[in-house]
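Student: Contents of upload.txt (compact mmCIF, C-alpha atoms) are below:
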# COMPACT_ATOMS: atom_id res chain seq x y z
CA ASP E 1 2.25 -9.37 17.23
CA ILE E 2 1.82 -9.22 13.46
CA ARG E 3 4.65 -7.31 11.78
CA MET E 4 3.83 -5.02 8.89
CA THR E 5 6.67 -4.26 6.48
CA GLN E 6 6.17 -1.35 4.11
CA SER E 7 8.14 -0.66 0.98
CA PRO E 8 9.65 1.48 -0.18
CA ALA E 9 10.50 3.59 2.87
CA SER E 10 10.51 6.64 0.65
CA LEU E 11 9.91 7.45 -2.97
CA SER E 12 9.96 10.38 -5.29
CA ALA E 13 7.49 10.68 -8.15
CA SER E 14 6.37 13.25 -10.71
CA LEU E 15 3.00 14.91 -11.01
CA GLY E 16 0.61 12.73 -13.00
CA GLU E 17 2.60 9.58 -12.34
CA THR E 18 1.16 6.36 -10.87
CA VAL E 19 2.57 5.33 -7.50
CA ASN E 20 2.45 1.97 -5.75
CA ILE E 21 3.18 1.37 -2.08
CA GLU E 22 3.45 -2.15 -0.71
CA CYS E 23 2.67 -3.63 2.69
CA LEU E 24 3.69 -7.16 3.68
CA ALA E 25 2.20 -8.82 6.76
CA SER E 26 4.10 -11.43 8.75
CA GLU E 27 1.08 -13.73 8.49
CA ASP E 28 -2.23 -13.90 6.67
CA ILE E 29 -4.44 -10.98 7.72
CA TYR E 30 -7.43 -11.90 5.53
CA SER E 31 -7.77 -8.41 4.01
CA ASP E 32 -8.10 -6.75 7.43
CA LEU E 33 -5.96 -3.86 6.29
CA ALA E 34 -6.31 -0.10 6.25
CA TRP E 35 -4.27 2.68 4.70
CA TYR E 36 -3.79 6.14 6.20
CA GLN E 37 -2.32 9.34 4.80
CA GLN E 38 -0.45 11.75 7.04
CA LYS E 39 0.45 15.10 5.54
CA PRO E 40 3.37 17.01 7.07
CA GLY E 41 2.46 18.41 10.48
CA LYS E 42 -1.06 16.95 10.35
CA SER E 43 -2.87 14.01 11.88
CA PRO E 44 -3.44 10.79 9.90
CA GLN E 45 -6.51 10.41 7.69
CA LEU E 46 -8.17 7.15 6.70
CA LEU E 47 -7.99 6.35 2.99
CA ILE E 48 -8.83 2.67 2.56
CA TYR E 49 -10.18 -0.11 4.80
CA ASN E 50 -10.89 -3.80 4.27
CA ALA E 51 -7.95 -3.68 1.86
CA ASN E 52 -9.95 -2.12 -0.98
CA SER E 53 -12.88 -0.05 0.37
CA LEU E 54 -12.49 3.65 -0.26
CA GLN E 55 -13.36 5.85 2.71
CA ASN E 56 -16.05 8.46 2.05
CA GLY E 57 -14.63 11.64 0.59
CA VAL E 58 -11.32 10.14 -0.53
CA PRO E 59 -10.50 10.82 -4.20
CA SER E 60 -11.00 7.88 -6.55
CA ARG E 61 -7.38 8.06 -7.70
CA PHE E 62 -6.58 6.15 -4.50
CA SER E 63 -7.18 2.40 -4.54
CA GLY E 64 -6.18 -0.60 -2.49
CA SER E 65 -5.70 -4.23 -3.36
CA GLY E 66 -4.20 -7.43 -2.08
CA SER E 67 -4.91 -10.54 -0.09
CA GLY E 68 -3.20 -12.93 2.27
CA THR E 69 0.01 -11.26 3.36
CA GLN E 70 0.56 -8.85 0.45
CA TYR E 71 -1.24 -5.54 -0.03
CA SER E 72 -0.76 -2.39 -2.01
CA LEU E 73 -1.93 1.17 -2.22
CA LYS E 74 -2.09 2.71 -5.67
CA ILE E 75 -2.26 6.41 -6.42
CA ASN E 76 -3.18 7.27 -9.99
CA SER E 77 -2.28 10.60 -11.54
CA LEU E 78 -0.26 11.91 -8.60
CA GLN E 79 -1.26 15.38 -7.38
CA SER E 80 0.79 17.84 -5.33
CA GLU E 81 -1.58 17.42 -2.39
CA ASP E 82 -0.68 13.72 -2.22
CA VAL E 83 2.73 14.54 -0.75
CA ALA E 84 2.52 12.74 2.58
CA THR E 85 3.58 9.71 4.55
CA TYR E 86 1.40 6.64 4.08
CA PHE E 87 0.88 3.96 6.72
CA CYS E 88 -0.75 0.57 6.54
CA GLN E 89 -2.51 -0.96 9.58
CA GLN E 90 -3.59 -4.54 10.21
CA TYR E 91 -6.56 -5.35 12.41
CA ASN E 92 -6.95 -9.06 11.94
CA ASN E 93 -5.04 -10.13 15.04
CA TYR E 94 -5.24 -7.76 17.99
CA PRO E 95 -4.50 -6.35 20.42
CA PRO E 96 -2.46 -4.68 19.30
CA TYR E 97 -3.39 -3.29 15.93
CA THR E 98 -0.03 -2.79 14.22
CA PHE E 99 1.14 -0.28 11.66
CA GLY E 100 3.80 -0.32 9.01
CA ALA E 101 6.73 2.04 9.44
CA GLY E 102 5.45 4.35 6.73
CA THR E 103 6.29 5.37 3.17
CA LYS E 104 7.26 8.98 2.61
CA LEU E 105 6.10 10.23 -0.78
CA GLU E 106 7.73 13.32 -2.27
CA LEU E 107 7.50 15.10 -5.58
CA LYS E 108 10.32 14.74 -8.05
CA GLU O 1 -18.38 18.68 11.54
CA VAL O 2 -16.61 15.97 13.49
CA LYS O 3 -14.09 17.46 15.90
CA LEU O 4 -11.71 15.82 18.35
CA VAL O 5 -9.64 18.15 20.47
CA GLU O 6 -6.94 16.80 22.76
CA SER O 7 -5.67 18.67 25.80
CA GLY O 8 -3.50 18.09 28.82
CA GLY O 9 -0.17 17.57 27.10
CA GLY O 10 3.08 19.22 28.09
CA LEU O 11 6.41 18.67 29.78
CA VAL O 12 6.46 16.09 32.56
CA GLN O 13 9.28 14.66 34.65
CA PRO O 14 10.25 11.00 34.39
CA GLY O 15 8.27 8.77 36.73
CA ARG O 16 5.36 11.19 36.97
CA SER O 17 1.81 10.86 35.70
CA LEU O 18 -0.24 12.83 33.19
CA LYS O 19 -3.86 12.70 32.05
CA LEU O 20 -4.93 13.63 28.54
CA SER O 21 -8.46 14.58 27.56
CA CYS O 22 -10.16 14.50 24.20
CA ALA O 23 -13.30 16.57 23.71
CA ALA O 24 -15.55 15.24 20.97
CA SER O 25 -18.21 17.12 19.04
CA GLY O 26 -20.17 16.91 15.81
CA PHE O 27 -21.26 13.30 16.24
CA SER O 28 -23.03 11.05 18.68
CA PHE O 29 -20.07 10.23 20.93
CA ASN O 30 -21.77 7.39 22.80
CA ASP O 31 -22.37 5.47 19.55
CA TYR O 32 -18.69 4.96 18.78
CA TRP O 33 -15.67 3.04 19.90
CA MET O 34 -12.81 5.46 20.61
CA GLY O 35 -9.05 5.01 20.84
CA TRP O 36 -5.60 6.50 21.34
CA VAL O 37 -2.60 6.32 19.03
CA ARG O 38 0.80 7.88 19.60
CA GLN O 39 3.69 8.93 17.39
CA ALA O 40 7.19 9.46 18.71
CA PRO O 41 9.17 12.27 17.05
CA GLY O 42 10.02 11.34 13.48
CA LYS O 43 8.61 7.84 13.96
CA GLY O 44 5.60 5.80 12.93
CA LEU O 45 2.24 5.22 14.56
CA GLU O 46 1.75 3.10 17.68
CA TRP O 47 -1.70 1.97 18.75
CA ILE O 48 -2.25 2.43 22.49
CA GLY O 49 -5.75 1.12 23.05
CA GLU O 50 -9.48 1.43 22.56
CA ILE O 51 -12.70 1.60 24.52
CA ASN O 52 -16.21 0.62 23.50
CA GLN O 53 -19.35 2.67 23.76
CA ASP O 54 -20.31 1.84 27.36
CA SER O 55 -16.75 1.27 28.68
CA SER O 56 -17.43 -2.44 29.19
CA THR O 57 -14.57 -3.41 26.86
CA ILE O 58 -11.15 -1.77 26.92
CA ASN O 59 -8.23 -3.17 24.97
CA TYR O 60 -4.58 -2.12 25.27
CA THR O 61 -1.37 -2.85 23.50
CA PRO O 62 0.21 -5.35 25.92
CA SER O 63 3.40 -3.38 26.55
CA LEU O 64 1.41 -0.36 27.80
CA LYS O 65 -1.34 -2.12 29.71
CA ASP O 66 0.20 -1.53 33.14
CA LYS O 67 1.03 2.14 32.53
CA PHE O 68 -1.93 3.58 30.64
CA THR O 69 -5.65 3.66 31.43
CA ILE O 70 -8.34 4.63 28.95
CA SER O 71 -11.73 5.88 30.10
CA ARG O 72 -14.62 7.95 28.81
CA ASP O 73 -17.45 10.12 30.06
CA ASN O 74 -20.35 9.94 27.62
CA ALA O 75 -22.24 12.70 29.45
CA GLN O 76 -19.31 15.03 28.80
CA ASN O 77 -18.46 13.64 25.33
CA THR O 78 -14.89 13.20 26.52
CA LEU O 79 -12.27 10.49 26.19
CA TYR O 80 -9.36 10.22 28.61
CA LEU O 81 -5.89 8.71 28.72
CA GLN O 82 -4.28 8.39 32.15
CA MET O 83 -0.55 7.79 31.87
CA SER O 84 1.66 6.78 34.79
CA LYS O 85 5.34 5.99 35.38
CA LEU O 86 6.28 8.00 32.33
CA GLY O 87 9.69 7.60 30.75
CA SER O 88 11.54 9.25 27.89
CA GLU O 89 10.21 6.55 25.57
CA ASP O 90 6.72 7.98 26.11
CA THR O 91 7.64 11.31 24.51
CA ALA O 92 5.27 11.55 21.56
CA ILE O 93 2.27 13.18 19.97
CA TYR O 94 -0.83 11.50 21.38
CA TYR O 95 -3.83 11.28 19.05
CA CYS O 96 -7.40 10.66 20.03
CA ALA O 97 -9.30 8.82 17.29
CA ARG O 98 -12.82 7.70 16.52
CA ALA O 99 -13.45 4.20 15.25
CA HIS O 100 -15.27 3.77 11.97
CA ARG O 101 -19.04 3.36 12.43
CA TYR O 102 -19.18 0.10 10.46
CA ASN O 103 -15.67 -1.18 11.04
CA SER O 104 -14.60 -0.41 14.57
CA TYR O 105 -11.06 -1.60 13.95
CA VAL O 106 -10.10 1.39 11.82
CA MET O 107 -10.01 5.05 12.77
CA ASP O 108 -11.91 7.47 10.59
CA ALA O 109 -11.46 10.72 12.52
CA TRP O 110 -8.42 11.98 14.40
CA GLY O 111 -7.66 14.89 16.66
CA GLN O 112 -4.82 17.28 16.05
CA GLY O 113 -2.75 15.60 18.73
CA ALA O 114 -1.38 16.48 22.16
CA SER O 115 2.37 16.76 22.58
CA VAL O 116 3.88 15.02 25.61
CA THR O 117 7.56 15.47 26.47
CA VAL O 118 9.06 13.43 29.28
CA SER O 119 12.23 15.05 30.53
CA SER O 120 13.86 16.24 33.71
Can the structure in the file be given as structure tokens, please?
Tutor:
Amino acid sequence: DIRMTQSPASLSASLGETVNIECLASEDIYSDLAWYQQKPGKSPQLLIYNANSLQNGVPSRFSGSGSGTQYSLKINSLQSEDVATYFCQQYNNYPPYTFGAGTKLELK
Amino acid sequence: EVKLVESGGGLVQPGRSLKLSCAASGFSFNDYWMGWVRQAPGKGLEWIGEINQDSSTINYTPSLKDKFTISRDNAQNTLYLQMSKLGSEDTAIYYCARAHRYNSYVMDAWGQGASVTVSS
């Protein structure tokens, strides 16, 4: 199975700040990567797929980038509603699809 | 509005079986791949498996293949997860999810989840 390593495990940021979350795959996943947001007590929501395609309805302050084994999720101008845990998911080599362990984002 | 509503969760004894249902509405159910994902308390997401539109292709995470069975009834717009030989490690929130219309490997709609607790 492909291992997905997310970093940091948690971070604290201020409103209006730019945040970066990283995801490292154990092998090349050829941009077959998605990002999900899970707010406390809620189900996950798709943000980004194909490494950099924004899902319909997701604010443009979210963006994804990367290639090969290294990917990142960027949140510009952090808002209070962005407090959540973020997960990456690879779908290049499956089954199974595999997720990162998550990055918990809190407000400073 | 796309809605996925899981049911059938609860407390179950170790070694027993349980069947979850997921009622879909607000979209053409038989046009989409569907899947199940679970999340143990305080943990990350674990993909369980997926099923295609006509049930001709069903994929599972290898470690769960012998315990879990995914099925669907397109006439009833319902997805199912049959779980057997349950153990404490299966305690989790179980999410039903719809695959993206143009990228069936990602999940663009999720239910609220069904809680399953395996304990004596």
Student: Taking 3 positions as the minimum chain separation for residues in the same chain, which residues sit within 6 Å of segment 71-82 of chain E when counting only C-alpha atoms? Answer as a list in words.
Tutor: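 So, after excluding close chain neighbours, the residues are Leu15, Gly16, Glu17, Thr18, Val19, Asn20, Ile21, Glu22, Cys23, Arg61, Phe62, Ser63, Gly64, Ser65 and Gly66 of chain E.
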Student: Could you please tell me, as a list in words, which residues of chain E have an atom within 9 Å of chain O when using all atoms listed in the file?
Tutor: Asp32, Leu33, Ala34, Lys42, Ser43, Pro44, Gln45, Leu46, Leu47, Tyr49, Asn50, Gln55, Phe87, Gln89, Gln90, Tyr91, Asn92, Tyr94, Pro95, Pro96, Tyr97, Thr98, Phe99, Gly100, Ala101 and Gly102 of chain E
Student: Could you write those residues out with C-alpha atoms, as a PDB file, keeping the file's coordinate frame?
Tutor:
ATOM      1  CA  ASP E  32      -8.100  -6.750   7.430  1.00  0.00           C
ATOM      2  CA  LEU E  33      -5.960  -3.860   6.290  1.00  0.00           C
ATOM      3  CA  ALA E  34      -6.310  -0.100   6.250  1.00  0.00           C
ATOM      4  CA  LYS E  42      -1.060  16.950  10.350  1.00  0.00           C
ATOM      5  CA  SER E  43      -2.870  14.010  11.880  1.00  0.00           C
ATOM      6  CA  PRO E  44      -3.440  10.790   9.900  1.00  0.00           C
ATOM      7  CA  GLN E  45      -6.510  10.410   7.690  1.00  0.00           C
ATOM      8  CA  LEU E  46      -8.170   7.150   6.700  1.00  0.00           C
ATOM      9  CA  LEU E  47      -7.990   6.350   2.990  1.00  0.00           C
ATOM     10  CA  TYR E  49     -10.180  -0.110   4.800  1.00  0.00           C
ATOM     11  CA  ASN E  50     -10.890  -3.800   4.270  1.00  0.00           C
ATOM     12  CA  GLN E  55     -13.360   5.850   2.710  1.00  0.00           C
ATOM     13  CA  PHE E  87       0.880   3.960   6.720  1.00  0.00           C
ATOM     14  CA  GLN E  89      -2.510  -0.960   9.580  1.00  0.00           C
ATOM     15  CA  GLN E  90      -3.590  -4.540  10.210  1.00  0.00           C
ATOM     16  CA  TYR E  91      -6.560  -5.350  12.410  1.00  0.00           C
ATOM     17  CA  ASN E  92      -6.950  -9.060  11.940  1.00  0.00           C
ATOM     18  CA  TYR E  94      -5.240  -7.760  17.990  1.00  0.00           C
ATOM     19  CA  PRO E  95      -4.500  -6.350  20.420  1.00  0.00           C
ATOM     20  CA  PRO E  96      -2.460  -4.680  19.300  1.00  0.00           C
ATOM     21  CA  TYR E  97      -3.390  -3.290  15.930  1.00  0.00           C
ATOM     22  CA  THR E  98      -0.030  -2.790  14.220  1.00  0.00           C
ATOM     23  CA  PHE E  99       1.140  -0.280  11.660  1.00  0.00           C
ATOM     24  CA  GLY E 100       3.800  -0.320   9.010  1.00  0.00           C
ATOM     25  CA  ALA E 101       6.730   2.040   9.440  1.00  0.00           C
ATOM     26  CA  GLY E 102       5.450   4.350   6.730  1.00  0.00           C
TER      27      GLY E 102
END
Student: Pick out the residues sitting within 9 Å of Thr69 of chain E, and hand them over as a list of chain:residue names; count all atoms listed in the file, and ignore anything fewer than 6 positions along from it in its own chain.
Tutor: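 Answer for this query is E:Cys23, E:Leu24, E:Ala25, E:Ser26, E:Glu27, E:Asp28, E:Ile29, E:Tyr30, E:Ser31.
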Student: One number please: atom CA of Val83 of chain E to atom CA of Ala40 of chain O, in Å, one decimal.
Tutor: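 Value for the atom CA of Val83 of chain E-atom CA of Ala40 of chain O distance: 20.6 Å.
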Student: As an exercise, work out the distance from atom CA of Asp31 of chain O to atom CA of Asn56 of chain E in Å and give it to one decimal place.
Tutor: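 Atom CA of Asp31 of chain O sits 18.8 Å away from atom CA of Asn56 of chain E.
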Student: Work out how far apart atom CA of Ala75 of chain O and atom CA of Ile58 of chain O are and give it in Å to one decimal.
Tutor: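 Between atom CA of Ala75 of chain O and atom CA of Ile58 of chain O the gap works out to 18.4 Å.
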Student: Find the spatial neighbours of Lys67 of chain O, counting all atoms listed in the file, within a cut-off of 12 Å - ignore same-chain residues fewer than 3 positions away - and output them as a list in words.
Tutor: Gly15, Arg16, Ser17, Leu18, Lys19, Ile48, Gly49, Tyr60, Thr61, Pro62, Ser63, Leu64, Ile70, Leu81, Gln82, Met83, Ser84, Lys85, Leu86, Gly87 and Asp90 of chain O
Student: From the list O:Phe68, O:Tyr102, O:Trp33, O:Tyr80, which residue is nearest Leu20 of chain O when using only C-alpha atoms?
Tutor: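 Distance minimum relative to Leu20 of chain O lands on O:Tyr80.
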Student: When you count all atoms listed in the file, which of these residues is closest to Ile51 of chain O: O:Val12, O:Val5, O:Ala24, O:Ala99?
Tutor: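 Among the listed residues, O:Ala99 lies closest to Ile51 of chain O.
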Student: Draw an axis-aligned box tight on the listed atoms of segment 33-44 of chain E, then pad every side by 6 Å and write out centre and edge lengths in Å to one decimal as lines of an AutoDock Vina configuration file.
Tutor:
center_x = -1.5
center_y = 7.3
center_z = 8.3
size_x = 21.7
size_y = 34.3
size_z = 19.2
